[in-house]
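**Student:** Please find start_24.txt (compact mmCIF, C-alpha atoms) on the next line:
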# COMPACT_ATOMS: atom_id res chain seq x y z
CA MET A 557 112.48 106.90 140.80
CA ILE A 558 111.77 104.39 138.02
CA LYS A 559 110.16 105.79 134.86
CA HIS A 560 108.20 103.60 132.48
CA PHE A 561 107.39 104.76 128.97
CA VAL A 562 104.17 102.91 128.19
CA GLY A 563 103.98 102.57 124.41
CA ILE A 564 100.97 101.62 122.37
CA ALA A 565 99.49 98.25 123.43
CA GLN A 566 101.93 97.98 126.34
CA ALA A 567 101.34 97.67 130.08
CA TYR A 568 103.75 97.82 133.03
CA VAL A 569 103.36 97.16 136.74
CA ASP A 570 105.72 98.39 139.45
CA SER A 571 105.72 99.53 143.06
CA GLY A 572 106.75 102.52 145.19
CA GLU A 573 107.71 105.72 143.43
CA ALA A 574 107.43 104.56 139.83
CA VAL A 575 106.15 107.01 137.21
CA PHE A 576 104.34 105.83 134.09
CA THR A 577 104.15 107.95 130.94
CA ALA A 578 101.98 107.59 127.83
CA ARG A 579 102.66 110.15 125.14
CA ALA A 580 100.38 111.66 122.49
CA LEU A 581 97.24 109.73 123.30
CA GLY A 582 94.55 110.30 120.72
CA SER A 583 91.82 107.68 120.54
CA CYS A 584 93.92 105.39 122.76
CA VAL A 585 93.20 105.23 126.49
CA ALA A 586 95.72 105.18 129.33
CA VAL A 587 94.31 103.22 132.28
CA ALA A 588 96.15 103.17 135.61
CA ILE A 589 95.19 100.59 138.24
CA TYR A 590 96.76 100.75 141.69
CA SER A 591 96.46 99.82 145.29
CA PRO A 592 96.58 103.08 147.31
CA PHE A 593 97.72 101.17 150.41
CA THR A 594 100.38 98.80 149.10
CA LYS A 595 101.58 101.22 146.39
CA ILE A 596 101.62 98.49 143.79
CA GLY A 597 100.12 99.42 140.46
CA GLY A 598 100.64 100.02 136.79
CA MET A 599 99.42 101.60 133.62
CA ALA A 600 98.32 100.30 130.21
CA HIS A 601 98.05 102.05 126.84
CA VAL A 602 94.94 100.60 125.21
CA LEU A 603 94.76 100.68 121.42
CA LEU A 604 91.43 99.04 120.66
CA PRO A 605 88.10 98.36 122.35
CA GLY A 606 86.75 94.90 123.11
CA SER A 607 88.26 91.58 123.82
CA THR A 608 91.67 90.37 122.68
CA GLU A 609 90.65 86.77 123.10
CA GLU A 610 87.44 87.02 121.09
CA SER A 611 88.87 88.98 118.18
CA GLU A 612 92.08 87.02 117.85
CA MET A 613 90.47 83.63 118.32
CA ASP A 614 87.67 84.52 115.89
CA SER A 615 90.12 85.48 113.19
CA GLY A 616 92.06 82.26 113.77
CA ARG A 617 95.34 84.12 113.45
CA THR A 618 96.78 83.45 116.86
CA SER A 619 95.85 82.29 120.31
CA SER A 620 95.22 84.78 123.09
CA ARG A 621 98.06 83.19 125.05
CA GLU A 622 100.54 84.31 122.40
CA LEU A 623 99.42 87.91 122.80
CA LEU A 624 99.20 87.90 126.56
CA GLY A 625 102.87 87.51 127.18
CA THR A 626 104.62 88.82 130.25
CA GLY A 627 105.68 92.44 130.54
CA GLY A 628 105.31 95.32 128.12
CA ALA A 629 104.80 93.73 124.71
CA GLN A 630 101.28 94.05 123.31
CA VAL A 631 99.43 92.87 126.42
CA ALA A 632 97.28 96.00 126.26
CA ARG A 633 96.24 95.90 122.65
CA ARG A 634 92.58 95.62 123.71
CA ALA A 635 90.77 97.00 126.74
CA ASP A 636 89.90 93.78 128.54
CA GLY A 637 93.34 92.25 128.02
CA ALA A 638 94.95 95.40 129.41
CA VAL A 639 92.81 95.48 132.55
CA SER A 640 93.16 91.71 133.12
CA TYR A 641 96.92 91.88 132.78
CA LEU A 642 97.26 94.79 135.20
CA VAL A 643 94.97 93.19 137.79
CA GLN A 644 96.66 89.78 137.63
CA GLU A 645 100.13 91.25 137.83
CA ILE A 646 99.22 93.58 140.73
CA LYS A 647 97.61 90.68 142.62
CA ARG A 648 100.66 88.50 142.04
CA ARG A 649 102.99 91.17 143.39
CA ASN A 650 100.70 91.84 146.32
CA ARG A 651 100.72 88.14 147.23
CA MET A 652 104.50 88.07 147.05
CA SER A 653 104.85 91.12 149.28
CA TYR A 654 101.88 90.89 151.61
CA GLY A 655 100.58 87.33 151.44
CA ALA A 656 96.83 86.87 151.63
CA ARG A 657 96.15 90.29 153.15
CA PRO A 658 93.11 91.82 151.36
CA PHE A 659 93.59 94.95 149.33
CA VAL A 660 91.50 97.28 147.16
CA LEU A 661 92.24 98.54 143.70
CA ARG A 662 91.47 101.94 142.24
CA ALA A 663 91.64 103.15 138.63
CA LYS A 664 92.17 106.36 136.72
CA LEU A 665 91.91 106.83 133.00
CA ALA A 666 92.57 109.40 130.29
CA GLY A 667 92.33 109.60 126.51
CA GLY A 668 89.68 108.27 124.16
CA ALA A 669 89.49 111.45 122.13
CA GLU A 670 87.64 111.93 118.86
CA LEU A 671 90.07 114.18 117.02
CA PHE A 672 88.59 114.24 113.54
CA PRO A 673 85.06 115.53 113.00
CA ARG A 674 82.57 112.74 112.44
CA ALA A 675 81.25 112.42 108.89
CA ARG A 676 77.87 114.08 108.45
CA GLY A 677 75.05 111.64 109.11
CA SER A 678 77.40 109.00 110.52
CA ASP A 679 75.96 107.06 113.44
CA HIS A 680 79.17 105.05 113.74
CA LEU A 681 80.72 105.46 117.20
CA PRO A 682 84.40 106.38 116.76
CA VAL A 683 87.11 104.27 118.30
CA GLY A 684 88.00 106.75 121.07
CA PRO A 685 84.61 106.65 122.84
CA LYS A 686 84.47 102.89 122.19
CA ASN A 687 87.81 102.47 123.94
CA VAL A 688 86.58 104.44 126.96
CA ARG A 689 83.40 102.36 127.16
CA SER A 690 85.34 99.09 126.91
CA VAL A 691 87.83 100.10 129.61
CA ARG A 692 85.01 101.13 131.96
CA GLU A 693 83.23 97.81 131.35
CA ALA A 694 86.41 95.82 131.96
CA LEU A 695 87.01 97.72 135.22
CA LYS A 696 83.43 97.14 136.33
CA LEU A 697 83.81 93.40 135.73
CA GLN A 698 86.80 93.44 138.07
CA ASN A 699 84.90 95.54 140.66
CA ILE A 700 87.43 98.35 140.41
CA THR A 701 86.25 101.87 141.26
CA VAL A 702 87.24 104.65 138.88
CA LYS A 703 88.58 107.49 141.05
CA GLY A 704 89.19 109.96 138.27
CA GLU A 705 89.17 110.38 134.53
CA ASP A 706 89.74 112.86 131.73
CA VAL A 707 88.31 111.32 128.59
CA GLY A 708 86.77 112.30 125.27
CA GLY A 709 87.14 115.72 123.68
CA ASN A 710 88.93 116.42 120.44
CA TRP A 711 92.51 116.91 121.54
CA GLY A 712 95.61 114.80 122.17
CA ARG A 713 97.00 114.19 125.65
CA ASN A 714 100.27 113.32 127.38
CA VAL A 715 99.60 111.32 130.54
CA PHE A 716 101.79 110.82 133.61
CA PHE A 717 100.80 108.52 136.47
CA TYR A 718 102.60 108.80 139.82
CA LEU A 719 102.18 105.54 141.68
CA ASP A 720 103.23 106.74 145.14
CA THR A 721 100.52 109.42 145.24
CA GLY A 722 98.01 107.87 142.86
CA LYS A 723 97.91 111.13 140.90
CA MET A 724 97.44 111.21 137.17
CA VAL A 725 98.61 114.36 135.40
CA VAL A 726 97.18 115.06 131.96
CA ARG A 727 98.85 117.60 129.68
CA LYS A 728 96.83 118.64 126.66
CA ILE A 729 97.98 119.97 123.30
CA ASN A 730 96.80 123.49 124.21
CA GLY A 731 99.15 123.51 127.20
CA GLU A 732 96.40 122.97 129.78
CA THR A 733 97.44 120.63 132.58
CA LEU A 734 94.96 118.72 134.67
CA GLU A 735 95.50 116.62 137.81
CA ILE A 736 93.03 113.84 138.46
CA MET B 422 108.81 92.48 107.75
CA HIS B 423 106.30 89.92 106.46
CA GLU B 424 106.93 87.84 103.38
CA GLY B 425 106.35 89.92 100.27
CA GLN B 426 106.23 93.23 102.14
CA THR B 427 109.59 94.39 100.80
CA GLU B 428 108.49 93.72 97.26
CA VAL B 429 105.17 95.49 97.84
CA ALA B 430 106.99 98.45 99.37
CA SER B 431 109.29 98.71 96.39
CA GLU B 432 106.44 98.61 93.90
CA ILE B 433 104.27 101.00 95.82
CA SER B 434 107.20 103.35 96.28
CA PHE B 435 107.31 103.81 92.51
CA LEU B 436 103.58 104.36 92.45
CA PHE B 437 103.73 107.07 95.12
CA ARG B 438 106.61 108.85 93.39
CA GLU B 439 104.53 108.99 90.22
CA ALA B 440 101.47 110.20 92.13
CA PHE B 441 103.44 112.99 93.80
CA ARG B 442 104.96 113.99 90.48
CA ASP B 443 101.42 114.31 89.12
CA ALA B 444 100.36 116.26 92.20
CA SER B 445 103.38 118.52 92.04
CA THR B 446 102.69 119.29 88.39
CA ALA B 447 99.07 120.10 89.18
CA ILE B 448 99.99 122.27 92.16
CA SER B 449 102.76 124.04 90.21
CA ARG B 450 100.29 124.86 87.46
CA PHE B 451 97.97 126.18 90.11
CA THR B 452 100.66 128.26 91.82
CA GLY B 453 102.73 129.32 88.83
CA ASP B 454 105.69 127.12 89.81
CA ASN B 455 105.65 128.59 93.29
CA LEU B 456 105.50 125.18 94.95
CA SER B 457 106.69 121.68 94.19
CA ILE B 458 106.69 118.46 96.18
CA SER B 459 109.11 115.58 95.78
CA VAL B 460 109.25 112.16 97.38
CA GLU B 461 112.35 111.55 99.49
CA GLY B 462 111.52 107.97 100.35
CA VAL B 463 108.79 105.43 100.95
CA GLU B 464 108.90 102.97 103.84
CA SER B 465 106.76 100.00 104.70
CA LEU B 466 106.53 99.72 108.47
CA ASP B 467 104.36 98.55 111.34
CA ILE B 468 102.61 100.61 113.98
CA PHE B 469 105.36 100.14 116.58
CA ARG B 470 108.06 101.49 114.27
CA LEU B 471 105.77 104.39 113.38
CA GLN B 472 105.24 105.08 117.08
CA SER B 473 108.98 105.44 117.57
CA ILE B 474 109.05 108.03 114.77
CA LEU B 475 105.97 110.03 115.71
CA SER B 476 105.33 109.73 119.43
CA LEU B 477 108.15 112.03 120.49
CA LYS B 478 106.89 114.85 118.28
CA GLU B 479 104.85 116.78 120.81
CA ALA B 480 104.63 120.09 118.95
CA PRO B 481 101.33 120.55 117.15
CA PHE B 482 101.16 119.45 113.53
CA VAL B 483 98.60 119.99 110.83
CA ALA B 484 97.01 116.60 110.10
CA ILE B 485 94.72 116.21 107.10
CA ARG B 486 92.91 112.93 106.62
CA VAL B 487 91.23 111.49 103.53
CA GLU B 488 89.51 108.11 103.60
CA LEU B 489 89.43 105.70 100.68
CA TYR B 490 86.39 103.62 99.91
CA ALA B 491 84.90 101.51 97.10
CA ASP B 492 87.28 98.69 95.98
CA LEU B 493 90.12 99.89 98.24
CA ARG B 494 89.52 100.92 101.85
CA GLY B 495 91.88 102.76 104.12
CA SER B 496 93.13 106.22 104.98
CA LEU B 497 95.64 108.78 103.82
CA LEU B 498 97.01 111.21 106.40
CA LEU B 499 99.18 114.20 105.51
CA LEU B 500 101.26 115.56 108.41
CA LEU B 501 102.97 118.96 108.24
CA ASP B 502 104.55 121.04 110.95
CA ILE B 503 102.76 124.34 111.43
CA SER B 504 105.42 126.57 109.87
CA THR B 505 105.70 124.37 106.76
CA ALA B 506 101.91 124.34 106.45
CA GLU B 507 101.83 128.13 106.70
CA ARG B 508 104.52 128.47 104.05
CA ILE B 509 102.66 126.12 101.69
CA ALA B 510 99.48 128.12 102.16
CA GLY B 511 101.41 131.36 101.71
CA CYS B 512 102.87 130.16 98.38
CA LEU B 513 99.43 129.35 97.09
CA LEU B 514 97.73 132.47 98.36
CA ASN B 515 100.46 134.84 97.17
CA ARG B 516 99.92 133.61 93.64
CA PHE B 517 96.44 135.11 93.72
CA GLY B 518 97.34 138.14 95.80
CA ILE B 519 95.26 136.92 98.72
CA GLU B 520 96.21 137.75 102.27
CA PRO B 521 96.82 134.60 104.36
CA GLY B 522 94.11 135.73 106.75
CA GLU B 523 93.76 137.04 110.25
CA GLU B 524 96.70 136.86 112.60
CA CYS B 525 96.89 133.57 114.40
CA GLY B 526 98.93 132.26 117.26
CA PRO B 527 102.11 130.30 116.61
CA ASP B 528 100.23 127.00 116.91
CA ASP B 529 97.30 127.85 114.73
CA ILE B 530 96.49 128.77 111.15
CA SER B 531 93.80 130.94 109.62
CA GLU B 532 90.62 129.75 107.94
CA THR B 533 91.96 130.88 104.56
CA GLU B 534 95.16 128.88 105.04
CA ARG B 535 93.09 125.94 106.21
CA SER B 536 91.03 125.97 103.00
CA VAL B 537 94.15 126.08 100.85
CA LEU B 538 95.81 123.21 102.71
CA ILE B 539 92.68 121.09 102.40
CA GLU B 540 92.60 121.76 98.66
CA THR B 541 96.29 120.87 98.36
CA THR B 542 95.65 117.59 100.16
CA ASN B 543 92.69 116.96 97.90
CA ILE B 544 94.98 117.26 94.87
CA ILE B 545 97.58 114.89 96.37
CA ALA B 546 94.97 112.34 97.45
CA SER B 547 93.23 112.37 94.10
CA LYS B 548 96.53 111.76 92.30
CA VAL B 549 97.39 108.89 94.65
CA SER B 550 93.95 107.34 94.20
CA SER B 551 94.17 107.77 90.40
CA ARG B 552 97.50 105.96 90.30
CA LEU B 553 96.21 103.17 92.52
CA SER B 554 93.07 102.90 90.44
CA ASP B 555 94.91 102.89 87.08
CA TYR B 556 97.56 100.37 88.08
CA LEU B 557 95.34 98.02 89.99
CA HIS B 558 92.22 98.37 87.84
CA LEU B 559 90.12 99.05 90.91
CA ASN B 560 87.59 101.73 91.73
CA VAL B 561 88.88 104.09 94.40
CA ALA B 562 86.70 106.84 95.87
CA LEU B 563 87.70 109.52 98.39
CA THR B 564 85.97 111.33 101.23
CA PRO B 565 86.48 115.10 101.52
CA PRO B 566 89.61 115.93 103.55
CA ALA B 567 89.23 116.62 107.28
CA MET B 568 91.86 118.71 109.05
CA ILE B 569 92.94 119.05 112.66
CA ILE B 570 95.91 120.50 114.53
CA ASP B 571 97.33 118.22 117.19
CA MET B 572 100.22 115.92 118.06
CA PRO B 573 100.94 113.73 115.02
CA TRP B 574 100.81 110.44 116.93
CA SER B 575 97.43 111.40 118.44
CA ALA B 576 96.05 112.16 114.99
CA MET B 577 97.48 108.95 113.61
CA GLN B 578 95.73 106.70 116.13
CA GLU B 579 92.24 107.77 115.25
CA ALA B 580 92.84 107.98 111.55
CA PHE B 581 94.09 104.47 111.25
CA VAL B 582 93.16 102.43 114.22
CA SER B 583 90.43 100.39 112.55
CA ALA B 584 92.66 99.60 109.59
CA LEU B 585 95.61 98.81 111.83
CA GLU B 586 93.65 96.16 113.63
CA ASP B 587 94.59 93.60 111.03
CA THR B 588 96.77 95.32 108.45
CA PRO B 589 100.22 93.78 108.18
CA SER B 590 101.88 97.00 107.18
CA LEU B 591 101.40 100.68 106.47
CA PHE B 592 103.27 102.98 104.14
CA LEU B 593 105.11 106.15 105.12
CA VAL B 594 105.96 108.56 102.31
CA ARG B 595 108.56 111.17 103.22
CA THR B 596 108.15 114.26 101.09
CA ARG B 597 110.12 117.43 100.53
CA ILE B 598 108.14 120.59 99.84
CA VAL B 599 110.79 122.41 97.87
CA SER B 600 109.61 126.02 97.73
CA ALA B 601 108.22 125.98 101.25
CA ASP B 602 111.54 124.66 102.57
CA GLY B 603 109.88 122.01 104.70
CA ASP B 604 109.16 118.34 104.99
CA GLY B 605 105.90 116.49 105.09
CA LEU B 606 104.82 112.98 105.85
CA LEU B 607 102.06 111.11 104.07
CA LEU B 608 100.80 107.94 105.68
CA PHE B 609 98.79 105.39 103.76
CA VAL B 610 97.09 102.59 105.66
CA PRO B 611 94.97 100.19 103.63
CA ASP B 612 92.76 97.78 105.54
CA SER B 613 93.78 94.14 105.46
CA GLU B 614 91.68 93.15 102.46
CA SER B 615 92.85 96.18 100.48
CA TYR B 616 96.48 95.52 101.41
CA HIS B 617 96.19 92.07 99.91
CA ARG B 618 94.46 93.44 96.81
CA ILE B 619 97.31 95.90 96.35
CA ARG B 620 99.89 93.19 96.93
CA ASP B 621 98.20 90.87 94.46
CA GLY B 622 97.86 93.65 91.91
CA LEU B 623 101.47 94.75 92.18
CA ILE B 624 103.22 91.42 92.49
CA GLU B 625 101.11 88.46 91.57
CA GLY B 626 99.40 90.40 88.80
CA GLY B 627 102.60 90.13 86.81
CA GLY B 628 104.05 93.58 87.38
CA ALA B 629 101.18 95.86 86.59
CA VAL B 630 103.47 98.79 87.38
CA SER B 631 105.82 99.77 84.58
CA HIS B 632 109.08 101.33 85.75
CA ASP B 633 109.98 102.64 82.29
Turn this file's structure into structure tokens for me.
**Tutor:**
Amino acid sequence: MIKHFVGIAQAYVDSGEAVFTARALGSCVAVAIYSPFTKIGGMAHVLLPGSTEESEMDSGRTSSRELLGTGGAQVARRADGAVSYLVQEIKRRNRMSYGARPFVLRAKLAGGAELFPRARGSDHLPVGPKNVRSVREALKLQNITVKGEDVGGNWGRNVFFYLDTGKMVVRKINGETLEI
Amino acid sequence: MHEGQTEVASEISFLFREAFRDASTAISRFTGDNLSISVEGVESLDIFRLQSILSLKEAPFVAIRVELYADLRGSLLLLLDISTAERIAGCLLNRFGIEPGEECGPDDISETERSVLIETTNIIASKVSSRLSDYLHLNVALTPPAMIIDMPWSAMQEAFVSALEDTPSLFLVRTRIVSADGDGLLLFVPDSESYHRIRDGLIEGGGAVSHD
């Protein structure tokens, strides 16, 4: 069994019995996308909401191509980049293994907490809920159905995604474990 | 490390040591020399290095966050393991003959202890902001501290994520809480504009910090 530790802003794709782990998620979101039939899938650890391309290009600091490298490094800094990377990589592997045979993708997500109490009178949406919203929007754009999620709240989470079964196990700071 | 970061880290290290000396003096006065805090080291690092330090700590920590606003924007986050936090609170409460509070589980602390820890963080944050303000000639204001108990890396993400979006570096202050026989971590993450103001004030401003 191959185990992938998915660090902040990273994403990995694999096949078969791979297990993906994201530790101590707070406002970050772990999004797993997988094909339940071909058992190809992966998980990303999203740091920020919104679009990598827009924010990086707007600031003029770097091109999106520089950030969207291959494999783990920083491909999942923002929600849309994370989802795009996972989808493209899963499709590429599907083509290699199964040719043009059609397949469906499913998603599960966890995280997006709001750990610190919001300042009194603040109408500013914290980054956790923003991350969740951005991931959902990015999945919708790709026509991917969300099959399960454990998001929000005010606690940290450890997340484990088992590709062969499509199960996501969420372990919370209070010891509670949830399977989605 | 980016150009100039080492120099900034060195200068700000001095500044933090001074701030903690001020805080320790204030807290000692408050506790009758029952508690003192020293700085073991100050590092300038990026979020990925910090992840490697914090993400494997899965036991709950006390995390107390103070935000900076006005001329400098960013956050300060104090991280203490539960037993160290309880000992700090105990030192302070014993001084005044106050019971630490109702019995709590091993991963929780009482409301009384919580109040004392928030006040301690308030003292530290105000000394840090005073030093920053004095040396850089900038106005620095603080929000009231907010406290949670959770995994340190989880707490870190929310406290700093907006600043981390474009900040080249953050600062990790390793502290030793002498009388409580424990260690604490203080993280300081200025936003990008503030980072550059600090850098300019410390380096390009001609050495505003005196090491005498």
**Student:** Just checking: using all atoms listed in the file, which residue out of A:Ile558, A:Val602, A:Val702, A:Ala663 ends up closest to chain B?
**Tutor:**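 Going through A:Ile558, A:Val602, A:Val702, A:Ala663 one by one, the smallest distance to chain B is for A:Val602.
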**Student:** Return the neighbours of chain A among the residues of chain B, cut-off 8 Å, counting all atoms listed in the file, as a PyMOL selection string.
**Tutor:** chain B and resi 469+472+476-477+479-481+567-569+571-580+582-583+586
**Student:** Show me, as a list in words, the residues that have an atom within 10 Å of A:Phe659 when counting all atoms listed in the file, minus same-chain residues fewer than 4 positions from it.
**Tutor:**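 Near neighbours after the sequence-gap exclusion: Ser591, Pro592, Phe593, Thr594, Lys647, Asn650 and Tyr654 of chain A.
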**Student:** Here is a test: counting all atoms listed in the file, which residue of B:Ile448, B:Val487, B:Leu501, B:Ala506 is nearest to B:Gly605?
**Tutor:**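 Of B:Ile448, B:Val487, B:Leu501, B:Ala506, the one nearest B:Gly605, counting all atoms listed in the file, is B:Leu501.
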**Student:** Could you tell me how far atom CA of B:Leu513 lies from atom CA of B:Ser547, in Å and to one decimal?
**Tutor:**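 Rounded to one decimal, the two atoms are 18.3 Å apart.
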**Student:** With all atoms listed in the file as the counted atoms, please give the residues lying no more than 6 Å from stretch 568-570 of chain A, apart from itself and same-chain residues fewer than 2 positions off, as a list in words.
**Tutor:** Ile596, Gly597, Gly598, Met599 and Gly628 of chain A
**Student:** So the first atom is atom CA of B:Asp555 and the second is atom CA of B:Ala440; what is the distance between them in Å, to one decimal place?
**Tutor:**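 Here the two named atoms are 11.0 Å from each other.
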**Student:** Just the number, please: distance in Å from atom CA of B:Ile539 to atom CA of B:Phe437, one decimal.
**Tutor:** 19.3 Å
**Student:** Write out as a VMD selection string the residues lying within 12 Å of B:Ile530, counting only C-alpha atoms and excluding same-chain residues fewer than 6 positions away.
**Tutor:** chain B and resid 481 to 483 502 to 511 521 to 524 536 to 538 568 to 570
**Student:** Give the answer as one residue: which of A:Ile736, A:Gly704, A:Leu719, A:Ala635 has the shortest atom-to-atom distance to A:Thr577, using only C-alpha atoms?
**Tutor:**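 Checking each of A:Ile736, A:Gly704, A:Leu719, A:Ala635 against A:Thr577, counting only C-alpha atoms, the winner is A:Leu719.
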